[in-house]
Structures are given as C-alpha cells and as structure tokens.
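What's in query29.cif: mmCIF, C-alpha atoms
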data_upload
loop_
_atom_site.label_atom_id
_atom_site.label_comp_id
_atom_site.auth_asym_id
_atom_site.auth_seq_id
_atom_site.Cartn_x
_atom_site.Cartn_y
_atom_site.Cartn_z
CA MET A 1 25.70 -19.65 8.44
CA LEU A 2 24.22 -16.41 9.75
CA ILE A 3 21.22 -16.53 7.42
CA ASN A 4 20.18 -20.01 8.61
CA GLN A 5 20.41 -18.89 12.20
CA THR A 6 18.18 -15.92 11.48
CA VAL A 7 15.53 -18.13 9.89
CA LYS A 8 15.56 -20.54 12.83
CA TYR A 9 14.28 -18.01 15.36
CA GLU A 10 11.24 -15.77 15.21
CA THR A 11 11.99 -12.44 13.62
CA PRO A 12 11.61 -9.39 15.86
CA ALA A 13 8.56 -8.39 13.79
CA ASP A 14 6.83 -11.74 14.55
CA GLN A 15 7.53 -11.44 18.27
CA LEU A 16 6.23 -7.91 18.36
CA SER A 17 3.09 -8.82 16.42
CA GLN A 18 2.36 -11.50 19.05
CA VAL A 19 2.65 -8.83 21.71
CA PHE A 20 0.27 -6.51 19.86
CA MET A 21 -2.20 -9.33 19.39
CA ALA A 22 -1.99 -10.23 23.08
CA LEU A 23 -2.61 -6.61 24.01
CA ALA A 24 -5.56 -6.28 21.66
CA ASP A 25 -8.01 -7.60 24.25
CA PRO A 26 -9.38 -5.52 27.16
CA THR A 27 -9.41 -8.48 29.57
CA ARG A 28 -5.77 -9.19 28.91
CA ARG A 29 -4.88 -5.52 29.23
CA ALA A 30 -6.67 -5.39 32.58
CA MET A 31 -4.76 -8.47 33.73
CA LEU A 32 -1.49 -6.83 32.76
CA ASP A 33 -2.53 -3.69 34.56
CA HIS A 34 -3.09 -5.76 37.72
CA LEU A 35 0.26 -7.55 37.31
CA SER A 36 2.09 -4.28 36.76
CA ARG A 37 1.27 -3.45 40.38
CA GLN A 38 1.85 -6.85 41.99
CA GLU A 39 2.17 -10.55 41.32
CA ALA A 40 -1.10 -12.47 41.41
CA THR A 41 -2.39 -16.01 41.29
CA VAL A 42 -4.70 -17.19 38.53
CA ASN A 43 -7.64 -17.08 40.94
CA GLU A 44 -6.82 -13.51 41.97
CA LEU A 45 -6.56 -12.44 38.35
CA ALA A 46 -9.89 -14.09 37.53
CA LYS A 47 -11.83 -12.33 40.28
CA PRO A 48 -12.87 -9.11 38.49
CA PHE A 49 -14.20 -10.97 35.46
CA ALA A 50 -17.39 -12.92 34.87
CA LEU A 51 -15.43 -15.53 32.93
CA SER A 52 -14.91 -19.23 33.43
CA LEU A 53 -11.52 -20.39 34.63
CA PRO A 54 -10.79 -22.06 31.27
CA ALA A 55 -11.45 -18.71 29.55
CA ILE A 56 -9.13 -16.99 32.03
CA SER A 57 -6.55 -19.67 31.41
CA ARG A 58 -6.77 -19.12 27.64
CA HIS A 59 -6.09 -15.42 28.11
CA LEU A 60 -3.10 -16.14 30.33
CA LYS A 61 -1.73 -18.57 27.75
CA VAL A 62 -1.86 -15.83 25.09
CA LEU A 63 -0.02 -13.45 27.42
CA GLU A 64 2.53 -16.10 28.27
CA ARG A 65 3.17 -17.01 24.61
CA ALA A 66 3.76 -13.36 23.90
CA ARG A 67 6.23 -13.36 26.82
CA LEU A 68 4.32 -10.58 28.52
CA ILE A 69 3.96 -12.67 31.67
CA SER A 70 5.70 -15.65 33.17
CA ARG A 71 4.19 -18.17 35.53
CA ARG A 72 4.62 -21.59 37.06
CA ARG A 73 2.94 -24.33 35.11
CA ASN A 74 -0.38 -25.90 36.12
CA ALA A 75 -0.47 -24.21 39.46
CA GLN A 76 -3.40 -21.94 40.10
CA TRP A 77 -2.00 -20.94 43.44
CA ARG A 78 1.43 -19.94 42.09
CA PRO A 79 1.95 -16.34 41.19
CA CYS A 80 1.97 -14.90 37.68
CA ARG A 81 4.24 -11.98 37.09
CA ILE A 82 4.64 -9.44 34.35
CA GLU A 83 7.70 -9.48 32.13
CA ALA A 84 8.51 -5.81 32.06
CA GLY A 85 10.92 -5.93 29.14
CA THR A 86 8.42 -7.32 26.65
CA LEU A 87 5.77 -4.69 27.21
CA LYS A 88 8.35 -1.95 27.19
CA GLU A 89 9.40 -3.08 23.70
CA ALA A 90 5.88 -2.62 22.40
CA VAL A 91 5.54 0.70 24.15
CA ASP A 92 8.89 1.81 22.74
CA TRP A 93 7.83 0.83 19.23
CA MET A 94 6.35 4.18 18.37
CA GLN A 95 9.45 5.94 19.65
CA GLN A 96 11.60 3.67 17.48
CA TYR A 97 9.46 4.41 14.46
CA ARG A 98 9.83 8.11 15.13
CA ASP A 99 13.62 7.73 15.50
CA LEU A 100 13.67 5.82 12.22
CA TRP A 101 12.10 8.70 10.30
CA GLU A 102 14.32 11.29 11.93
CA ASN A 103 17.36 9.18 11.10
CA ASN A 104 16.21 8.71 7.50
CA LEU A 105 15.53 12.41 6.98
CA GLU A 106 18.99 13.20 8.28
CA ASN A 107 20.39 10.67 5.76
CA LEU A 108 18.28 12.28 3.02
CA SER A 109 19.68 15.71 3.78
CA THR A 110 23.24 14.44 3.47
CA TYR A 111 22.44 12.46 0.34
CA LEU A 112 20.75 15.38 -1.47
CA THR A 113 23.75 17.59 -0.74
CA GLU A 114 26.14 14.98 -2.15
CA LEU A 115 23.94 14.30 -5.16
CA GLN A 116 23.73 17.96 -6.11
CA ALA A 117 27.44 18.50 -5.53
CA GLN A 118 28.11 15.75 -8.07
CA THR A 119 25.94 17.31 -10.75
CA ASN A 120 26.76 20.95 -9.88
CA PRO A 121 30.33 21.05 -8.60
CA LYS A 122 30.30 24.87 -8.32
CA GLN A 123 27.19 24.91 -6.06
CA GLU A 124 27.92 25.81 -2.45
CA ASP A 125 27.06 23.49 0.39
CA ASN A 126 24.30 24.66 2.78
CA MET B 1 18.70 21.96 9.65
CA ALA B 2 16.96 19.72 12.10
CA THR B 3 13.68 17.85 11.76
CA THR B 4 10.74 19.19 13.73
CA THR B 5 8.54 16.40 15.03
CA VAL B 6 5.07 16.64 16.49
CA GLN B 7 3.54 13.56 18.10
CA THR B 8 -0.01 12.84 19.22
CA ASP B 9 -1.49 9.56 20.37
CA ARG B 10 -1.78 8.18 16.85
CA THR B 11 0.09 10.56 14.56
CA LEU B 12 3.58 11.79 13.89
CA THR B 13 4.37 14.85 11.80
CA PHE B 14 7.90 15.57 10.62
CA THR B 15 8.90 18.83 8.99
CA ARG B 16 12.27 19.60 7.43
CA GLU B 17 13.74 21.93 4.84
CA PHE B 18 16.14 20.81 2.13
CA ASN B 19 18.37 22.79 -0.21
CA ALA B 20 17.10 20.90 -3.22
CA PRO B 21 14.20 21.43 -5.62
CA PRO B 22 10.91 19.58 -4.94
CA GLN B 23 11.22 17.33 -7.99
CA LEU B 24 14.57 16.02 -6.77
CA VAL B 25 13.29 15.43 -3.24
CA PHE B 26 10.22 13.70 -4.67
CA ASP B 27 12.44 11.48 -6.83
CA ALA B 28 14.58 10.67 -3.79
CA PHE B 29 11.42 9.20 -2.24
CA THR B 30 10.29 7.25 -5.29
CA GLN B 31 13.32 5.85 -7.11
CA PRO B 32 15.15 2.77 -5.80
CA GLN B 33 18.61 4.02 -6.79
CA HIS B 34 18.04 7.02 -4.50
CA LEU B 35 16.13 5.20 -1.75
CA SER B 36 18.93 2.70 -1.25
CA ARG B 37 21.18 5.62 -0.35
CA TRP B 38 19.15 7.05 2.52
CA TRP B 39 16.06 5.03 3.52
CA MET B 40 17.13 2.61 6.22
CA PRO B 41 17.60 2.37 10.01
CA ALA B 42 20.98 3.51 11.30
CA GLY B 43 23.71 0.98 10.57
CA CYS B 44 21.50 -1.14 8.34
CA GLU B 45 21.98 -2.18 4.75
CA MET B 46 19.30 -2.14 2.06
CA LEU B 47 19.44 -5.61 0.51
CA GLY B 48 16.88 -5.37 -2.25
CA GLN B 49 13.93 -3.42 -3.52
CA GLN B 50 11.13 -3.60 -6.00
CA LEU B 51 9.18 -0.50 -6.78
CA GLU B 52 6.21 0.13 -9.02
CA LEU B 53 5.32 3.81 -8.92
CA LYS B 54 1.64 3.82 -9.78
CA LEU B 55 -1.66 3.97 -7.88
CA GLY B 56 -1.98 0.71 -5.97
CA GLY B 57 1.59 -0.14 -6.95
CA GLU B 58 3.98 -1.36 -4.29
CA TRP B 59 7.45 -0.74 -3.01
CA HIS B 60 8.99 -3.79 -1.34
CA TYR B 61 12.26 -3.54 0.48
CA THR B 62 14.50 -5.74 2.60
CA VAL B 63 16.86 -4.38 5.20
CA LYS B 64 19.65 -6.17 7.05
CA THR B 65 20.56 -4.97 10.53
CA PRO B 66 24.09 -5.00 11.96
CA ALA B 67 22.99 -8.09 13.94
CA ALA B 68 22.15 -9.78 10.61
CA ASP B 69 18.38 -9.71 11.25
CA ILE B 70 16.33 -9.33 8.11
CA HIS B 71 13.36 -6.96 8.08
CA ARG B 72 10.93 -6.72 5.21
CA ALA B 73 8.39 -3.99 4.65
CA LYS B 74 6.30 -2.61 1.91
CA ALA B 75 4.48 0.52 0.92
CA VAL B 76 1.36 0.70 -1.24
CA TYR B 77 0.93 3.94 -3.19
CA ARG B 78 -2.38 5.77 -2.80
CA GLU B 79 -1.63 9.17 -4.36
CA ILE B 80 1.21 10.18 -6.64
CA ASP B 81 1.39 13.85 -7.62
CA ARG B 82 4.93 14.67 -8.64
CA PRO B 83 6.47 16.82 -7.35
CA ARG B 84 3.87 18.03 -4.84
CA ARG B 85 2.45 15.11 -2.94
CA LEU B 86 2.93 11.43 -2.23
CA VAL B 87 0.68 9.20 -0.13
CA PHE B 88 1.28 5.56 0.76
CA ASP B 89 0.47 2.91 3.35
CA ASP B 90 3.50 1.45 5.05
CA MET B 91 3.43 -2.05 6.61
CA PHE B 92 5.54 -4.97 7.79
CA VAL B 93 5.64 -8.16 5.79
CA SER B 94 6.76 -11.66 6.67
CA ASP B 95 9.50 -13.66 4.96
CA LYS B 96 6.88 -14.82 2.46
CA GLY B 97 5.90 -11.24 1.67
CA GLU B 98 2.55 -11.44 3.45
CA VAL B 99 1.36 -8.47 5.45
CA ILE B 100 1.66 -9.00 9.20
CA ASN B 101 -1.84 -7.92 10.19
CA ASN B 102 -1.31 -7.51 13.91
CA MET B 103 1.34 -4.86 13.45
CA PRO B 104 0.10 -1.29 13.21
CA GLN B 105 0.03 0.03 9.67
CA LYS B 106 1.03 3.56 8.89
CA HIS B 107 -0.73 5.90 6.48
CA VAL B 108 1.91 8.32 5.27
CA THR B 109 1.23 11.64 3.52
CA ILE B 110 4.21 13.57 2.20
CA THR B 111 4.09 17.06 0.77
CA PHE B 112 6.93 18.82 -1.04
CA GLU B 113 6.48 22.57 -0.86
CA PRO B 114 8.76 24.83 -2.93
CA THR B 115 10.61 27.48 -0.94
CA SER B 116 13.14 30.14 -1.90
CA SER B 117 15.98 27.85 -0.84
CA GLY B 118 14.59 24.54 -1.99
CA THR B 119 11.87 22.37 -0.47
CA LYS B 120 9.89 22.23 2.73
CA LEU B 121 9.07 18.59 3.36
CA THR B 122 6.20 17.55 5.60
CA VAL B 123 5.65 13.90 6.46
CA HIS B 124 2.41 13.10 8.24
CA VAL B 125 2.03 9.58 9.63
CA VAL B 126 -1.22 8.20 10.97
CA MET B 127 -1.14 4.85 12.76
CA SER B 128 -3.90 2.92 11.06
CA THR B 129 -4.17 0.10 13.49
CA PRO B 130 -6.77 -2.60 13.48
CA ALA B 131 -9.68 -1.44 15.64
CA GLN B 132 -8.70 -3.54 18.62
CA LEU B 133 -5.21 -2.08 18.82
CA THR B 134 -6.15 1.60 18.97
CA LYS B 135 -5.93 1.68 22.71
CA LEU B 136 -2.37 0.39 22.75
CA VAL B 137 -0.80 3.36 21.08
CA SER B 138 -3.01 5.87 22.84
CA MET B 139 -1.13 8.13 25.18
CA GLN B 140 -3.67 7.43 27.92
CA PHE B 141 -2.42 3.86 28.01
CA VAL B 142 1.27 4.43 27.87
CA PRO B 143 2.48 6.84 30.57
CA GLY B 144 1.03 5.08 33.62
CA PHE B 145 2.22 1.74 32.37
CA THR B 146 5.71 2.93 31.58
CA GLN B 147 6.22 4.27 35.05
CA ALA B 148 4.81 1.20 36.73
CA LEU B 149 7.03 -0.97 34.59
CA SER B 150 10.18 0.91 35.50
CA GLN B 151 9.37 0.46 39.15
CA LEU B 152 8.55 -3.19 38.65
CA GLU B 153 11.71 -3.77 36.65
CA ALA B 154 13.81 -2.23 39.41
CA LEU B 155 12.06 -4.38 42.00
CA LEU B 156 12.56 -7.56 39.98
CA ASN B 157 16.24 -6.77 39.52
CA GLU B 158 16.61 -6.36 43.26
CA VAL B 159 14.85 -9.59 44.03
CA GLN B 160 16.87 -11.69 41.55
#
Please re-express this file's structure in structure tokens.
Amino acid sequence: MLINQTVKYETPADQLSQVFMALADPTRRAMLDHLSRQEATVNELAKPFALSLPAISRHLKVLERARLISRRRNAQWRPCRIEAGTLKEAVDWMQQYRDLWENNLENLSTYLTELQAQTNPKQEDN
Amino acid sequence: MATTTVQTDRTLTFTREFNAPPQLVFDAFTQPQHLSRWWMPAGCEMLGQQLELKLGGEWHYTVKTPAADIHRAKAVYREIDRPRRLVFDDMFVSDKGEVINNMPQKHVTITFEPTSSGTKLTVHVVMSTPAQLTKLVSMQFVPGFTQALSQLEALLNEVQ
C-alpha cells in the first residue's frame, strides 16, 4: 500500500532537517566549502582546524549522514567528495517556499472569483 | 493580476490585489472550508485540517503530494485583527505532530488593505531560524556555493 511505503522511508522534511542541522556548524560549512572546490582526504580537511581527528571524524559523519558528502569507509587517505544534489536542495528550499506562496495566491485569486460568482451571479469577472 | 515578490536574505514580501472585500479575503485565510480550496502546493491535495482561530491557537494541516508523500505543517496565531491583519508562525511538524526544530520557521504577517476595487494583500515572511542556521539562508552564503556546485555537478557527471 502506498501509505505504508511512505512511512517506511524518511519524509522529505526529515531529510532536509538533517541537512540544515549538518549545515548549522561553521566547521562543517568550511569543510563543504573546501569540498565544493575539490575532493580532499580526511587529513587534508582537518588541516585548517585545531581539532582532534576524532572530532573531525564526527563532523564528517554528520555530513555523510545528511548525504552532503560521500566517502570511502575507514580510509583517511581516500577522498571525500561533496554530493552536489543534496546541498542544492537546501539552497533551493527558499525558492520553493517562495514558489509555494505565489502558487497559493494565484489559487486564492481564482477561488475568490468563483466564490463571489456563486453568491453574486450578476457580478462581472475581473 | 500578478503577485509582486521582494526577497532579501531572510525575508519574502508578496503583494497582490484581489477583487474581493477584505473581510472575505481574511476569511479565506482563516476558515478551513476556504483554505482547503486554495492553500496547497501545485498538484497536491489537502487531506485534513484543524483550526482554532484565537491567540496562541493553531492551524494544523496535512497535504498529500502527487507522489503520495505526506507533509504536515502548522501555524500558531499571534495576532488576529479581522479584517485588517493576521500574524502567525508557520512550521513543519513530524508525523507525530511535533515541531521539527531544525527546519527554519517562518513568521508571517498579513495585512488586508481596502482599495476601491477590493483588497490589497501584503504577506511579509521572516525566516525565524534557530541562531545557528542564520548563515545558511543568507545571500552571502548562497550565490558562490550555487555556482561552485553547478560546476562540480557537471564535472562529476563527466567523470561518471
């Protein structure tokens, strides 16, 4: 059944909230900034920060869970890379919200015209 | 009559005129039987609503997309001044009806101004994000990233 399938996977809102949470940290944003220019190893990503490697690893795990980056497992020398589609979704979110309102207001205009035509059949359309 | 939209790093302002009196437009925003006829993303279906129009009262709604995804959201009313002004906070909720805190919340102020032909509607939305998320929706963050991502995406497509 369609409803059961929907419940099985994360809703789009849950996925997006993971992305926002991942992006809510300046270290992680800086890492993404680096990866948006080129792939990097864990060691390369860690360089600019005065953080322990476990702390760096924790940040990368958050980014990976949010599907903002992908990387080979347990391999500090293997490259991490950014997943462009995921970040673009978050960036597009505000545009989608704007589109939503514009769509709704268009619907409202149509609806108000219909509603008034029902109660005032002699009234002209705009 | 098209909607005029102004966007800054954290706000959106929509302006539109309607050939209907302010009290009707106000009611269209605050009564479920009206809302189910126009408040939803394109192609979606409003599945259910609960609305309590009072200060601190809430409007819960569930929308089904063409892909059969279910989205839930709610608004909490902060000011109700029929037919002039309506203010609410708009947020996403989970399946259990709990607010999803990591998603930006929107503070929405709507004014209904009488005109000779009906109503001038102004909707002002402020993204009230948790403090840590302010930078995300700032326009300083977005343009450079977007361009870099397009280039990266093209490169990855080539390589694969």
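Residues in contact range of A:Pro48, defined as at most 10 Å between all atoms listed in the file, with sequence neighbours fewer than 5 positions away removed, read Thr27, Ala30, Met31 and Asn43 of chain A.
Those residues returned by the PyMOL selection byres ((chain B and resi 107) around 12) for this file are Arg10, Thr11, Leu12, Thr13, Lys74, Ala75, Val76, Tyr77, Arg78, Glu79, Leu86, Val87, Phe88, Asp89, Asp90, Met91, Pro104, Gln105, Lys106, Val108, Thr109, Ile110, Val123, His124, Val125, Val126, Met127, Ser128 and Thr129 of chain B.
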**OP:** Record the distance separating atom CA of B:Arg16 and atom CA of B:Trp39, expressed in Å with one decimal.
**Re:** 15.6 Å
Hey, which bits of chain A sit within 6 Å of chain B, and for each residue what's the closest pair of atoms and how far apart in Å (one decimal), counting all atoms listed in the file, rows by chain and increasing number, as JSON lines?
{"residue": "A:Ser17", "atom": "CA", "partner": "B:Asn102", "partner_atom": "CA", "distance": 5.2}
{"residue": "A:Met21", "atom": "CA", "partner": "B:Asn102", "partner_atom": "CA", "distance": 5.8}
{"residue": "A:Ala24", "atom": "CA", "partner": "B:Leu133", "partner_atom": "CA", "distance": 5.1}
{"residue": "A:Ala84", "atom": "CA", "partner": "B:Leu149", "partner_atom": "CA", "distance": 5.7}
{"residue": "A:Leu100", "atom": "CA", "partner": "B:Pro41", "partner_atom": "CA", "distance": 5.7}
{"residue": "A:Asn104", "atom": "CA", "partner": "B:Trp39", "partner_atom": "CA", "distance": 5.4}
{"residue": "A:Asn107", "atom": "CA", "partner": "B:Trp38", "partner_atom": "CA", "distance": 5.0}
{"residue": "A:Leu108", "atom": "CA", "partner": "B:Trp38", "partner_atom": "CA", "distance": 5.3}
Subject >> Distance of atom CA of B:Gly43 from atom CA of B:Phe26, expressed in Å to one decimal place >> reply: 24.0 Å
Original post:
What do you get, as a count of residues only, if you spell out every residue that the PyMOL selection byres ((chain A and resi 81-83) around 7) selects here?
Top reply: 15
**OP:** Give me, please, the distance in Å between atom CA of B:Gly56 and atom CA of A:Val19, quoted to one decimal.
**Re:** 29.6 Å
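Minimum atom-to-atom distance to B:Gln31, evaluated using only C-alpha atoms, belongs to B:Leu53 out of B:Thr115, B:Leu47, B:Leu53, B:Arg84.
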Box for stretch 64-72 of chain A: with edges along x, y and z, all listed atoms inside and 6 Å added on each side, what are the centre and edge lengths in Å to one decimal, as AutoDock Vina command-line options?
--center_x 4.4 --center_y -16.1 --center_z 30.5 --size_x 15.7 --size_y 23.0 --size_z 25.2
